[in-house]
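Here is the structure we will look at.
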Amino acid sequence: MWIAIAMGVIHVVMDNRQPAKTMAWALVILFVPVVGLVFYLFFGVNHRKERLVSQRSLDQLTKRSMLEFVEQENLRVPERHKQLVDLFVNQSFSLPFKDNQIDIMTDGYAFFPELLKDIAQAKHHIHIDMYIIEDDALGYLITDALIDKARQGVLVRVIYDDVGCWKVSHRFFERMREEGIEVAAYLPVRFPSFTSKVNYRNHRKLIIIDGKVGYIGGMNIAIRYVKGTGEQPWRDTMLRITGGAVYALQRAFLVDWYFVDRTLISDRIYYPQISTMSDELLTNNCLVQVVTSGPTNPYPEIMQGFVRVILAARRYIYIETPYFLPNEPVLFALKTAAMAGVDVRILCPRRSDARFVEWASRSYLREAYEAGVQVYLYETGFLHSKMMVCDDSLTTCGSTNVDFRSFENNFEANAFIYDEGTALRMKNIFLKDQEQSVLLGDIPDRIHPKFTKRLWESLTRLMSPLL
């Protein structure tokens, strides 16, 4: 046992993380050896130095989108956001694409009928990359539509997360395979990889149809995204994109597909010319970058982008997130911006779908509030929306929550949109949600909780990196 403890502590020390995190894991292993070692294997092993896809394969998968990027004419990057654009290009080769149309959907009643219509019109391929595909009425409705297209000769590929779909029957996915749909699980949870991979999940929500239409946002495929949970309606945000940014969505999917299937797909047919994407040729400077991040990337790209946007804000920064468990860089950036006079607002659900997470987030929300951040709690239902808008010029939406798991452990994808019109629409959506919310400062019990509640909040906060 002492040999195992020593090896565990040495492994933690040689990983060269932040000293506080290193000391925390070392102390856990030393004082609670059995439980500490198990927890470290499950949740503490750092995979950021691994490569899931070789650089040579990644270059090949990126080649086609890079050629489409080079062919863009009159690409203008807003000067005030040039450094953010360059950050994403340099970190993960996330290229900016112009000539985009963005449709914003704020509930399942808007999203799923539009998705079914696009599926019905598919002629060549349908690509779906989802954290959860539930075997409920909606899941069967979507898969029936996919099976119908597969029978017509359309290529259908589906990636689902193995942990996100733990409760889904094996037969649900097998039925799709039997009908000619290519289905793959992301990081299947099997022993012994179970110990080191269960904590690192594909949380992305990406859909690409014929390389012409793309979806990205916070909605999975499950009936609760339409009906809500219990008595709570579901409020979410999903983007439907047509135009150049679909190339970036396609690249993100094909990189994931290569990882799960080891099939390298780079044919031109998956990257159709923009002139064939719709009846009307889009010519605008609505610029979009699709940014992916994950625990095996050298840097946490999306988290870096959040910090950069927050610290560069001049007038306001509005954020919606279902879970507020920020790591130190993001929390520090929010507090710094607020104390510098920027109008910083955070909107979270008053009642979460995860009670433990709700308790853990309370002290973070109070800390932000005390630094001058305006904290609002959405009361009309469960707010699952993941978006940020800044200074009427930039907005981002995707799968990323403001929490440790999204920033450090999950594979995520967000669209960063540099366009005044889109930013203003997203701002209006935020303000409408704010009207259905209450200020944290108007809830005395949340600002000045009793000792027992404050103690419980502090204890649950210790678990924040694992939630």
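Residue numbering restarts at 1 for every chain of the structure tokens, chains are lettered A, B, ... in their displayed order, and ligands are numbered from 1 as they appear.
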
Leu187 (chain A): which residues within 8 Å, counting only C-alpha atoms, same-chain residues fewer than 3 positions away excluded, as a ChimeraX atom specification?
/A:161-162,197,201,260

Using only C-alpha atoms, which residues sit within 10 Å of region 285-289 of chain A once same-chain residues fewer than 2 positions away are excluded, as a PyMOL selection string?
chain A and resi 74-78+85+88-89+93-102+241+243-246+248-249+282-283+291-292+394-396+414-422

Report as a CSV table (one decimal) with C-alpha atoms, in the first residue's frame all protein, DNA and RNA residues lying within 10 Å of Asp118 (chain A), evaluated on only C-alpha atoms, omitting residues in the same chain fewer than 4 positions from it.
chain,number,residue,atom,x,y,z
A,112,PHE,CA,-36.9,20.1,-33.2
A,113,PRO,CA,-39.4,20.9,-36.0
A,114,GLU,CA,-36.7,22.8,-37.8
A,122,ALA,CA,-31.0,15.9,-46.7
A,126,ILE,CA,-26.4,13.8,-41.9
A,208,ILE,CA,-24.4,19.1,-39.9
A,209,ILE,CA,-26.7,18.3,-42.9
A,210,ASP,CA,-25.2,18.1,-46.4
A,213,VAL,CA,-26.8,23.6,-42.6
A,214,GLY,CA,-25.3,23.3,-39.1

What parts of region 92-336 of chain A does DSSP call strand (DSSP E or B)? I'd like the answer as a PyMOL selection string.
chain A and resi 96-97+100-105+125-130+133+155-161+182-186+202+205-209+213-217+221+229+232+234-235+238-243+287-293+316-320+324-325
